[in-house]
$ cat entry.txt   # compact mmCIF, C-alpha atoms
# COMPACT_ATOMS: atom_id res chain seq x y z
CA MET K 1 19.47 -11.35 -14.44
CA CYS K 2 20.94 -9.36 -11.57
CA SER K 3 23.43 -6.53 -11.79
CA THR K 4 24.71 -3.74 -9.55
CA GLU K 5 24.77 -1.12 -12.28
CA ASN K 6 23.96 2.39 -11.11
CA ASN K 7 20.59 3.09 -12.71
CA ALA K 8 19.49 6.13 -10.72
CA GLU K 9 20.80 9.37 -9.31
CA LEU K 10 20.19 10.68 -5.81
CA GLN K 11 18.91 14.22 -5.25
CA ARG K 12 18.53 15.81 -1.82
CA THR K 13 17.63 19.40 -2.68
CA SER K 14 13.97 20.39 -2.68
CA SER K 15 11.74 23.35 -1.97
CA ASP K 16 9.38 21.11 0.00
CA PRO K 17 10.55 20.66 3.61
CA ALA K 18 8.90 17.25 3.87
CA LEU K 19 10.98 15.73 1.05
CA ILE K 20 13.97 13.78 2.38
CA LEU K 21 15.44 12.77 -0.97
CA GLU K 22 14.51 11.71 -4.48
CA LEU K 23 15.78 8.91 -6.70
CA LYS K 24 15.61 9.77 -10.38
CA THR K 25 15.89 7.01 -12.96
CA ARG K 26 18.60 7.43 -15.56
CA ARG K 27 17.32 6.71 -19.06
CA PRO K 28 17.89 8.01 -22.60
CA PRO K 29 16.16 11.36 -23.27
CA SER K 30 14.10 9.66 -26.00
CA LEU K 31 12.35 7.55 -23.35
CA GLU K 32 11.58 10.35 -20.89
CA GLY K 33 7.86 10.79 -20.31
CA ARG K 34 6.86 7.90 -22.56
CA ALA K 35 4.55 5.05 -21.57
CA GLY K 36 6.47 2.33 -19.77
CA CYS K 37 8.46 4.68 -17.52
CA GLU K 38 5.99 4.55 -14.63
CA THR K 39 6.79 3.46 -11.08
CA TRP K 40 3.59 1.53 -10.42
CA SER K 41 4.73 -0.10 -7.21
CA VAL K 42 7.21 0.34 -4.34
CA ASP K 43 7.88 -1.73 -1.23
CA PHE K 44 10.10 -2.00 1.85
CA SER K 45 11.25 -5.42 3.04
CA PRO K 46 9.61 -6.62 6.29
CA ASP K 47 12.65 -5.61 8.36
CA GLY K 48 13.02 -2.30 6.53
CA ALA K 49 16.54 -3.14 5.32
CA TRP K 50 15.70 -3.15 1.60
CA PHE K 51 13.66 -0.97 -0.73
CA ALA K 52 12.40 -1.95 -4.19
CA TRP K 53 10.64 -0.07 -6.94
CA SER K 54 9.56 -0.71 -10.51
CA MET K 55 11.60 1.85 -12.39
CA GLY K 56 9.96 1.33 -15.78
CA HIS K 57 10.69 -0.70 -18.90
CA GLY K 58 10.59 -4.03 -17.06
CA ILE K 59 13.32 -3.17 -14.54
CA VAL K 60 13.04 -3.45 -10.74
CA TRP K 61 15.77 -1.87 -8.66
CA VAL K 62 16.49 -3.00 -5.09
CA VAL K 63 18.65 -0.90 -2.76
CA ALA K 64 19.77 -1.18 0.85
CA TRP K 65 17.92 1.10 3.24
CA PRO K 66 18.85 3.59 4.50
CA LEU K 67 20.59 4.62 1.31
CA ASP K 68 23.67 5.87 3.18
CA SER K 69 23.96 2.82 5.45
CA GLU K 70 27.47 1.80 6.49
CA ASP K 71 26.99 -1.76 5.21
CA ALA K 72 26.33 -0.50 1.69
CA GLN K 73 29.24 1.94 1.76
CA ASN K 74 31.66 -0.70 3.01
CA GLY K 75 30.99 -2.82 -0.07
CA ASP K 76 29.33 -5.79 1.63
CA ILE K 77 28.23 -7.86 -1.38
CA ASP K 78 24.94 -8.78 0.27
CA ARG K 79 24.06 -5.08 0.54
CA GLU K 80 24.86 -3.94 -2.97
CA ASP K 81 22.21 -2.43 -5.25
CA LYS K 82 20.48 -5.02 -7.39
CA SER K 83 18.67 -4.72 -10.71
CA PHE K 84 16.15 -7.34 -11.84
CA SER K 85 15.24 -7.47 -15.53
CA CYS K 86 11.70 -8.86 -15.83
CA GLY K 87 11.26 -8.59 -19.61
CA HIS K 88 7.83 -6.91 -19.37
CA PRO K 89 6.51 -3.80 -17.57
CA VAL K 90 6.19 -4.39 -13.81
CA TRP K 91 2.90 -3.27 -12.22
CA GLY K 92 3.07 -4.88 -8.79
CA LEU K 93 5.81 -6.06 -6.44
CA ALA K 94 6.10 -7.31 -2.88
CA PHE K 95 8.73 -8.59 -0.47
CA GLY K 96 8.07 -11.75 1.49
CA PRO K 97 7.56 -13.77 3.48
CA ARG K 98 6.40 -11.37 6.20
CA PRO K 99 6.85 -12.56 9.80
CA PRO K 100 3.90 -12.50 12.22
CA LYS K 101 3.36 -9.23 14.05
CA SER K 102 4.55 -10.72 17.35
CA ALA K 103 7.89 -11.70 15.83
CA ALA K 104 8.31 -8.33 14.12
CA ALA K 105 7.56 -6.48 17.36
CA SER K 106 10.10 -8.53 19.31
CA HIS K 107 12.97 -7.51 17.03
CA PRO K 108 11.97 -4.28 15.25
CA THR K 109 15.51 -3.28 14.26
CA ARG K 110 17.21 -6.64 13.85
CA LYS K 111 19.28 -6.80 10.67
CA PRO K 112 18.99 -9.80 8.38
CA PRO K 113 21.81 -12.28 8.97
CA LYS K 114 24.47 -12.41 6.28
CA GLY K 115 24.02 -15.37 4.01
CA ASN K 116 20.30 -15.63 4.75
CA HIS K 117 18.74 -16.01 1.31
CA SER K 118 15.15 -16.46 2.47
CA LEU K 119 13.98 -12.99 1.43
CA LEU K 120 11.95 -13.14 -1.78
CA LEU K 121 10.66 -10.50 -4.16
CA ALA K 122 7.54 -11.15 -6.23
CA THR K 123 7.04 -9.06 -9.37
CA GLY K 124 3.73 -8.89 -11.26
CA LEU K 125 4.05 -8.27 -14.97
CA GLU K 126 1.90 -6.77 -17.69
CA ASN K 127 1.63 -10.12 -19.49
CA GLY K 128 0.05 -11.81 -16.43
CA VAL K 129 3.20 -13.64 -15.26
CA ILE K 130 4.51 -13.37 -11.70
CA LYS K 131 8.26 -13.77 -11.27
CA ILE K 132 9.74 -14.84 -7.93
CA TRP K 133 13.30 -13.71 -7.11
CA LYS K 134 15.80 -14.36 -4.33
CA VAL K 135 16.77 -10.87 -3.27
CA LEU K 136 20.28 -11.42 -1.92
CA THR K 137 21.50 -13.57 -4.82
CA GLY K 138 19.47 -12.04 -7.65
CA GLU K 139 18.36 -15.49 -8.75
CA ALA K 140 15.06 -15.89 -10.60
CA VAL K 141 13.52 -18.84 -8.72
CA PHE K 142 10.41 -19.61 -10.77
CA ASP K 143 7.46 -18.06 -12.62
CA LEU K 144 3.77 -18.26 -11.76
CA HIS K 145 1.38 -18.60 -14.70
CA GLY K 146 -2.40 -18.31 -14.68
CA HIS K 147 -3.45 -14.67 -14.85
CA GLU K 148 -4.65 -13.51 -18.25
CA GLY K 149 -4.17 -9.80 -17.67
CA VAL K 150 -1.94 -7.26 -15.93
CA VAL K 151 -0.99 -8.36 -12.40
CA ARG K 152 -1.87 -5.13 -10.62
CA ASP K 153 -1.13 -5.92 -6.98
CA LEU K 154 0.75 -8.48 -4.85
CA VAL K 155 0.56 -9.11 -1.10
CA PHE K 156 2.29 -11.52 1.29
CA PRO K 157 0.12 -12.07 4.41
CA GLN K 158 1.80 -11.24 7.72
CA ASN K 159 1.96 -14.81 9.02
CA GLY K 160 5.43 -15.97 7.97
CA THR K 161 4.14 -18.38 5.31
CA LEU K 162 5.04 -18.57 1.63
CA THR K 163 1.53 -17.57 0.61
CA LEU K 164 1.17 -14.90 -2.08
CA ILE K 165 -2.06 -13.12 -3.06
CA SER K 166 -2.28 -11.51 -6.49
CA SER K 167 -4.96 -9.38 -8.13
CA SER K 168 -5.28 -8.80 -11.85
CA ARG K 169 -7.10 -7.03 -14.60
CA ASP K 170 -8.49 -10.44 -15.58
CA LYS K 171 -11.07 -9.85 -12.78
CA THR K 172 -9.64 -12.54 -10.46
CA LEU K 173 -7.51 -12.90 -7.38
CA ARG K 174 -5.20 -15.88 -6.97
CA ILE K 175 -3.74 -17.35 -3.80
CA TRP K 176 -0.44 -19.10 -4.48
CA ASP K 177 1.53 -21.51 -2.30
CA LEU K 178 5.15 -20.69 -3.10
CA ALA K 179 6.34 -23.62 -0.99
CA HIS K 180 5.00 -25.77 -3.84
CA LYS K 181 6.25 -23.32 -6.51
CA GLY K 182 2.72 -22.08 -7.14
CA LYS K 183 1.38 -25.48 -8.18
CA LYS K 184 -1.29 -25.16 -5.46
CA VAL K 185 -3.44 -22.16 -6.32
CA HIS K 186 -6.92 -20.94 -5.39
CA VAL K 187 -8.79 -18.64 -7.79
CA LEU K 188 -11.28 -16.09 -6.41
CA SER K 189 -13.82 -14.88 -8.98
CA GLY K 190 -16.63 -12.37 -8.53
CA HIS K 191 -15.44 -9.00 -9.78
CA LYS K 192 -16.98 -7.81 -13.03
CA ASP K 193 -14.00 -5.76 -14.21
CA TRP K 194 -10.37 -4.84 -13.42
CA ILE K 195 -9.21 -5.26 -9.83
CA SER K 196 -7.24 -2.18 -8.75
CA CYS K 197 -5.87 -3.30 -5.41
CA CYS K 198 -6.00 -5.95 -2.68
CA SER K 199 -5.13 -6.05 1.01
CA VAL K 200 -4.96 -8.70 3.75
CA SER K 201 -6.19 -8.26 7.32
CA SER K 202 -3.68 -8.48 10.16
CA ASP K 203 -5.04 -11.82 11.42
CA CYS K 204 -4.83 -13.18 7.86
CA SER K 205 -8.51 -14.13 7.86
CA MET K 206 -9.76 -11.72 5.17
CA ILE K 207 -8.75 -10.34 1.81
CA ALA K 208 -10.20 -7.05 0.57
CA SER K 209 -10.24 -6.12 -3.12
CA VAL K 210 -11.59 -3.14 -5.02
CA GLY K 211 -12.77 -3.14 -8.64
CA ARG K 212 -11.85 -0.03 -10.55
CA PHE K 213 -14.86 0.06 -12.85
CA ASP K 214 -17.37 -2.33 -11.23
CA ARG K 215 -17.25 -0.23 -8.01
CA MET K 216 -17.23 -3.37 -5.85
CA VAL K 217 -15.44 -3.59 -2.49
CA CYS K 218 -15.23 -7.34 -1.95
CA LEU K 219 -14.24 -9.26 1.15
CA TRP K 220 -12.96 -12.84 0.82
CA SER K 221 -12.13 -15.49 3.39
CA LEU K 222 -8.45 -16.42 3.33
CA ARG K 223 -9.33 -19.53 5.37
CA SER K 224 -12.05 -21.01 3.16
CA TYR K 225 -11.14 -19.17 -0.09
CA THR K 226 -14.76 -18.01 -0.52
CA PHE K 227 -16.56 -14.73 -1.16
CA MET K 228 -17.92 -13.09 2.02
CA ARG K 229 -19.61 -9.80 1.09
CA ASN K 230 -19.61 -6.72 -1.11
CA LEU K 231 -19.44 -3.62 1.11
CA THR K 232 -20.88 -1.26 -1.52
CA GLY K 233 -23.93 -3.48 -2.03
CA GLY K 234 -23.95 -3.00 -5.80
CA THR K 235 -26.87 -0.54 -5.68
CA ASN K 236 -25.00 2.76 -6.17
CA LYS K 237 -25.59 3.98 -9.73
CA THR K 238 -23.24 6.97 -9.41
CA LEU K 239 -20.30 6.82 -11.80
CA TYR K 240 -16.96 6.79 -10.01
CA LEU K 241 -13.74 4.76 -9.97
CA LEU K 242 -12.24 2.80 -7.07
CA SER K 243 -8.45 2.91 -6.87
CA SER K 244 -7.06 1.56 -3.58
CA CYS K 245 -7.77 -0.15 -0.25
CA ASP K 246 -5.94 -1.00 2.95
CA PHE K 247 -6.69 -2.68 6.27
CA SER K 248 -5.65 -0.94 9.47
CA PRO K 249 -2.84 -2.76 11.34
CA ASP K 250 -5.37 -4.21 13.81
CA GLY K 251 -7.73 -5.33 11.02
CA ALA K 252 -10.71 -3.50 12.52
CA LEU K 253 -10.91 -0.86 9.78
CA LEU K 254 -10.85 -1.01 6.01
CA ALA K 255 -10.10 2.15 4.05
CA THR K 256 -11.15 2.44 0.39
CA ALA K 257 -10.34 5.25 -2.03
CA ALA K 258 -12.49 6.47 -4.93
CA PHE K 259 -12.67 9.47 -7.26
CA ARG K 260 -14.97 11.11 -9.78
CA GLY K 261 -14.03 14.13 -11.88
CA SER K 262 -12.49 16.80 -9.67
CA SER K 263 -13.36 15.15 -6.33
CA TRP K 264 -12.07 12.15 -4.40
CA TRP K 265 -13.03 10.51 -1.12
CA ILE K 266 -11.95 7.84 1.35
CA ASP K 267 -14.46 5.62 3.15
CA LEU K 268 -13.69 3.88 6.44
CA TRP K 269 -15.56 0.59 6.89
CA ASP K 270 -16.02 -1.96 9.62
CA PRO K 271 -15.16 -5.10 7.63
CA TYR K 272 -17.06 -7.33 10.07
CA THR K 273 -20.41 -5.52 9.94
CA ALA K 274 -20.09 -3.74 6.54
CA GLU K 275 -20.95 -0.45 8.28
CA LYS K 276 -19.47 2.75 6.88
CA LEU K 277 -17.92 4.61 9.83
CA ALA K 278 -16.53 7.81 8.30
CA THR K 279 -15.76 9.56 5.01
CA LEU K 280 -13.00 11.99 4.05
CA VAL K 281 -13.99 14.12 1.05
CA ASP K 282 -11.93 16.47 -1.12
CA TYR K 283 -13.32 18.77 -3.78
CA PHE K 284 -10.65 20.09 -6.13
CA GLU K 285 -11.08 23.79 -6.76
CA ASP K 286 -10.28 23.57 -10.47
CA TYR K 287 -11.98 21.71 -13.29
CA GLY K 288 -10.56 18.43 -14.55
CA GLN K 289 -9.75 15.11 -12.98
CA ASN K 290 -8.14 14.86 -9.55
CA GLN K 291 -7.37 11.17 -9.12
CA ILE K 292 -6.55 9.53 -5.81
CA SER K 293 -4.04 6.80 -6.62
CA ALA K 294 -3.04 5.11 -3.36
CA ILE K 295 -3.64 4.96 0.38
CA GLN K 296 -1.87 3.12 3.22
CA PHE K 297 -2.17 3.04 7.01
CA SER K 298 0.90 3.86 9.08
CA PRO K 299 2.45 0.91 10.97
CA ASN K 300 0.90 2.08 14.27
CA GLY K 301 -2.52 2.67 12.68
CA LEU K 302 -2.74 6.34 13.68
CA HIS K 303 -2.41 7.85 10.22
CA LEU K 304 -3.32 7.21 6.60
CA ALA K 305 -1.01 8.19 3.72
CA ILE K 306 -2.77 9.53 0.61
CA VAL K 307 -1.42 10.07 -2.92
CA THR K 308 -3.43 12.27 -5.31
CA ASP K 309 -2.94 14.20 -8.54
CA ASP K 310 -2.80 17.62 -6.88
CA ARG K 311 -0.41 16.80 -4.01
CA ALA K 312 2.45 14.32 -3.77
CA LEU K 313 1.43 13.21 -0.27
CA ARG K 314 -1.12 13.85 2.45
CA ILE K 315 -1.21 12.32 5.94
CA TRP K 316 -4.64 12.07 7.59
CA GLU K 317 -5.57 10.98 11.09
CA PRO K 318 -8.86 9.07 10.53
CA GLY K 319 -11.83 10.86 12.00
CA LYS K 320 -10.06 14.21 12.28
CA ARG K 321 -10.76 17.32 10.25
CA GLY K 322 -7.96 18.45 7.96
CA MET K 323 -4.53 16.93 7.43
CA VAL K 324 -1.79 16.13 9.92
CA MET K 325 0.67 16.84 7.11
CA GLN K 326 0.48 17.59 3.41
CA THR K 327 3.02 18.53 0.76
CA LYS K 328 2.75 21.64 -1.32
CA ALA K 329 0.09 21.80 -4.01
CA ASP K 330 1.51 20.43 -7.26
CA ARG K 331 -0.59 19.36 -10.22
CA ASP K 332 2.53 17.74 -11.71
CA SER K 333 3.31 15.51 -8.72
CA ASN K 334 2.42 12.44 -10.86
CA GLY K 335 2.06 10.18 -7.81
CA LEU K 336 1.00 6.57 -8.38
CA CYS K 337 1.78 4.56 -5.22
CA CYS K 338 3.02 4.85 -1.63
CA LYS K 339 4.49 2.67 1.10
CA TYR K 340 5.35 3.31 4.75
CA HIS K 341 8.66 2.12 6.17
CA PRO K 342 7.90 -0.74 8.63
CA GLN K 343 9.12 1.39 11.56
CA GLY K 344 7.25 4.47 10.35
CA GLY K 345 8.60 7.99 9.96
CA VAL K 346 9.20 7.66 6.20
CA VAL K 347 6.81 7.27 3.26
CA ALA K 348 8.05 6.36 -0.22
CA THR K 349 6.02 7.41 -3.26
CA GLY K 350 6.43 6.33 -6.88
CA THR K 351 5.70 8.65 -9.79
CA ARG K 352 4.52 8.42 -13.36
CA ASP K 353 7.98 9.42 -14.64
CA GLY K 354 9.70 6.50 -12.91
CA HIS K 355 11.11 8.39 -9.94
CA VAL K 356 10.83 7.69 -6.19
CA ARG K 357 10.50 10.27 -3.43
CA PHE K 358 11.03 9.68 0.27
CA TRP K 359 9.01 11.91 2.60
CA SER K 360 9.29 12.61 6.30
CA ALA K 361 6.08 11.41 7.97
CA PRO K 362 4.86 12.53 11.41
CA ARG K 363 6.00 10.30 14.27
CA THR K 364 3.22 10.32 16.85
CA VAL K 365 3.51 8.34 20.07
CA PRO K 366 0.33 6.23 20.36
CA SER K 367 -1.73 6.71 23.48
CA LEU K 368 -2.17 3.85 25.93
CA CYS K 369 -5.85 3.69 24.90
CA HIS K 370 -4.90 3.29 21.24
CA LEU K 371 -2.33 0.59 22.01
CA CYS K 372 -4.83 -1.38 24.11
CA ARG K 373 -7.47 -1.13 21.38
CA SER K 374 -5.01 -2.23 18.71
CA ILE K 375 -3.92 -5.30 20.67
CA LEU K 376 -7.49 -6.26 21.50
CA ARG K 377 -8.93 -5.73 18.00
CA ASP K 378 -6.11 -7.67 16.40
CA SER K 379 -7.77 -10.87 17.64
CA VAL K 380 -11.36 -9.88 18.54
CA SER K 381 -13.98 -9.09 15.88
CA THR K 382 -16.75 -6.51 16.16
CA HIS K 383 -19.33 -9.29 16.60
CA GLN K 384 -17.33 -10.61 19.56
CA MET K 385 -16.94 -7.13 21.03
CA GLU K 386 -20.58 -6.05 21.00
CA PRO K 387 -21.94 -8.56 23.56
CA LEU K 388 -19.25 -7.68 26.13
CA PRO K 389 -20.60 -5.97 29.31
CA LEU K 390 -18.70 -2.74 28.73
CA PRO K 391 -19.78 0.89 29.19
CA LYS K 392 -21.19 2.31 25.97
CA ARG K 393 -18.43 4.89 25.63
CA ILE K 394 -15.67 2.29 25.92
CA LEU K 395 -17.41 -0.06 23.49
CA GLU K 396 -17.79 2.75 20.95
CA TYR K 397 -14.09 3.51 21.23
CA LEU K 398 -13.06 -0.13 20.85
CA THR K 399 -15.25 -0.54 17.73
CA TYR K 400 -14.18 2.80 16.18
CA ARG K 401 -17.70 4.19 16.55
CA ASN K 402 -16.58 7.13 18.66
CA ILE K 403 -16.30 9.48 15.67
CA PRO K 404 -18.57 12.49 16.32
CA ASP K 405 -21.40 13.01 13.85
CA ARG K 406 -19.91 16.33 12.74
CA LEU K 407 -16.73 14.52 11.68
CA LYS K 408 -18.30 11.58 9.87
CA THR K 409 -17.73 13.56 6.69
CA CYS K 410 -14.45 15.52 6.76
CA TYR K 411 -12.98 17.86 4.17
CA SER K 412 -9.28 17.65 3.47
CA SER K 413 -8.97 21.31 2.47
CA ASP K 414 -9.93 22.62 5.94
CA GLU K 415 -6.33 22.95 7.05
CA GLU K 416 -3.55 25.22 5.88
CA GLU K 417 -0.73 23.86 3.76
CA TRP K 418 1.91 22.05 5.82
CA GLU K 419 5.08 24.14 5.94
CA GLY K 420 7.42 21.90 7.94

$ encode --input "entry.txt" --output "C-alpha cells"
Amino acid sequence: MCSTENNAELQRTSSDPALILELKTRRPPSLEGRAGCETWSVDFSPDGAWFAWSMGHGIVWVVAWPLDSEDAQNGDIDREDKSFSCGHPVWGLAFGPRPPKSAAASHPTRKPPKGNHSLLLATGLENGVIKIWKVLTGEAVFDLHGHEGVVRDLVFPQNGTLTLISSSRDKTLRIWDLAHKGKKVHVLSGHKDWISCCSVSSDCSMIASVGRFDRMVCLWSLRSYTFMRNLTGGTNKTLYLLSSCDFSPDGALLATAAFRGSSWWIDLWDPYTAEKLATLVDYFEDYGQNQISAIQFSPNGLHLAIVTDDRALRIWEPGKRGMVMQTKADRDSNGLCCKYHPQGGVVATGTRDGHVRFWSAPRTVPSLCHLCRSILRDSVSTHQMEPLPLPKRILEYLTYRNIPDRLKTCYSSDEEEWEG
C-alpha cells in the first residue's frame, strides 16, 4: 500500500556543525528503542531526486529531495511523500535501474519527467522476500522468492538494466532479471556464513561480498556468474567480523571494513591482483566494542564515508593520515548505514532508533590527474596497465600504488575533532 501520511518530523537544530537536518520517526512511546525500529538501509535515487529509508516495523518512507524543494511544496502529486508497507522488517533497499555513468554524467541535474514511472524501489525483508515497487505510483509490482534468510543488501548495477543483486544471511547471493519478473535467477554460493554486504564494480564485471563471520571477501564474475577469488585467502585465524565493502567509482579499489573488540580497520584492495594496498586502523580508547557499520566512496572517488559506534560519521581520504572531516565523539550515535547523494556534498546516515541524519560532506574539486586516472581505470584493469611503457612513478599512480610506506597503515585518531 502507498500513503502520503506524515510519519516523521524534521529537526534542524544541532550542536554538531556538520549536521544539516534530522528526520525522526514518529511512533508510539511503547515502541521507542525496541527491536524492529532500526533504519538498516538508506538510498538516494540515481538522479538524486528521491530519498528512501527503512524506518522500522516494515515501513519504508520515500521523500522528494531536497526536502524543501519547490515541487514538493507546490503539491505536485508525483513529488509527494510515499509510505510503503512491506509487512516484515526491511533490512535492505535500493533504487533502480541505475543509468550508465556516461549517461549520468551528461545530465547530472536533470529532473525525472513527470509521468515517468520507470523508477523502481527494491526492498529486502527479514523473511527472505524481495518486494519490487513503482516509486511514483506506490504500486507493488511483484515479489521475488528464493532466499531463506534475511535479505541484507540490494544493489542495482550501474548499466541501465533491470538486473538486481541481493545478498542474504542464507549464505548466498542472487542475481535477478526483473525484466522477467525474477524468473531468471543465478545463485552464487561459496560463503560459509551470513553475508553482510555486497557491491558491484563500475564496469559491472565484478561483485564483491563480505561474510560477517566467515571473514571471506569474495569476488564474483557478473558476466559468467562464477566465483573468482577470496581476497583474505582463508588463512587468517584471528577472530574479527567483516561488516561492509564498496568499490571505488572507477572500480580500481575495493574497500572492506572489519572490527574486533574496541578496534576497527579498513583495508584497500586491488580487486584485480588481490593485493592489499593500504589499511586505516582505529583503536578505541575505552574498553568495549566499537563496531564499524558501513563505508561508502564519494561519487568522485576522493573520499570514503565511515559509520562507527563512537562517531556518527567520518570522512577519510584514502592513503592520508587522519580524517578530512569527522563528527563529534558520541557513543550513542547508533549509526547503521550511510549513503552519499549522487552529486556529493551530502551523506545520509540511518540509526538504530529509526532516525535519519543528513550531514554536510566536504566538496573537493578533483585534480586533473585524479580525473584522468578515474576515466582510464574505469575501463582498464591493473593487468592491462602493468605492461604499458610508462614511467614507474606514473604507473604507480595509475594503479594506486603511490601510497608511501609510512602511510600504508594510518590511524584515524591522528587528527583533531572536526569543528566546522

$ closest_residue --input "entry.txt" --among "K:Thr39, K:Thr273, K:Thr163, K:Ser189" --to "Gln384 (chain K)" --atoms "only C-alpha atoms"
K:Thr273

$ atom_distance --input "entry.txt" --atom1 "CA of Ala49 (chain K)" --atom2 "CA of Gln326 (chain K)"
26.3 Å

$ residues_around --input "entry.txt" --residues "Cys337 (chain K)" --least-positions-apart "2" --cutoff "7 Å" --atoms "only C-alpha atoms" --output "list in words"
Trp40, Ser41, Val42, Ser293, Ala294, Val307, Gly335, Thr349 and Gly350 of chain K

$ residues_around --input "entry.txt" --residues "Cys218 (chain K)" --least-positions-apart "3" --cutoff "9 Å" --atoms "only C-alpha atoms" --output "PyMOL selection string"
chain K and resi 190-191+207-211+227-232

$ residues_around --input "entry.txt" --residues "region 139-142 of chain K" --least-positions-apart "5" --cutoff "12 Å" --atoms "all atoms listed in the file" --output "PyMOL selection string"
chain K and resi 1-3+82-86+117-123+129-134+178-183

$ residues_around --input "entry.txt" --residues "region 143-160 of chain K" --least-positions-apart "4" --cutoff "9 Å" --atoms "all atoms listed in the file" --output "MDAnalysis selection string"
chainID K and resid 40:41 90:101 122:132 164:174 176 181:183 194:204

$ residues_around --input "entry.txt" --residues "region 242-252 of chain K" --least-positions-apart "4" --cutoff "9 Å" --atoms "all atoms listed in the file" --output "PyMOL selection string"
chain K and resi 195-204+206+208-217+256-259+269-272+291-302+304+373-382+399-400

$ closest_residue --input "entry.txt" --among "K:Asp81, K:Asp16, K:Glu317, K:Asp332" --to "Leu268 (chain K)" --atoms "all atoms listed in the file"
K:Glu317

$ closest_residue --input "entry.txt" --among "K:Leu368, K:Met385, K:Ile266, K:Ala305" --to "Thr279 (chain K)" --atoms "only C-alpha atoms"
K:Ile266

$ atom_distance --input "entry.txt" --atom1 "CA of His57 (chain K)" --atom2 "CA of Lys24 (chain K)"
14.4 Å

$ atom_distance --input "entry.txt" --atom1 "CA of Lys339 (chain K)" --atom2 "CA of Asp43 (chain K)"
6.0 Å

$ axis_aligned_box --input "entry.txt" --around "region 370-384 of chain K" --padding-each-side "8 Å" --output "lines of an AutoDock Vina configuration file"
center_x = -10.8
center_y = -3.8
center_z = 20.0
size_x = 33.0
size_y = 30.2
size_z = 24.2

$ closest_residue --input "entry.txt" --among "K:Val185, K:Met55, K:Val135, K:Leu241" --to "Asn290 (chain K)" --atoms "only C-alpha atoms"
K:Leu241
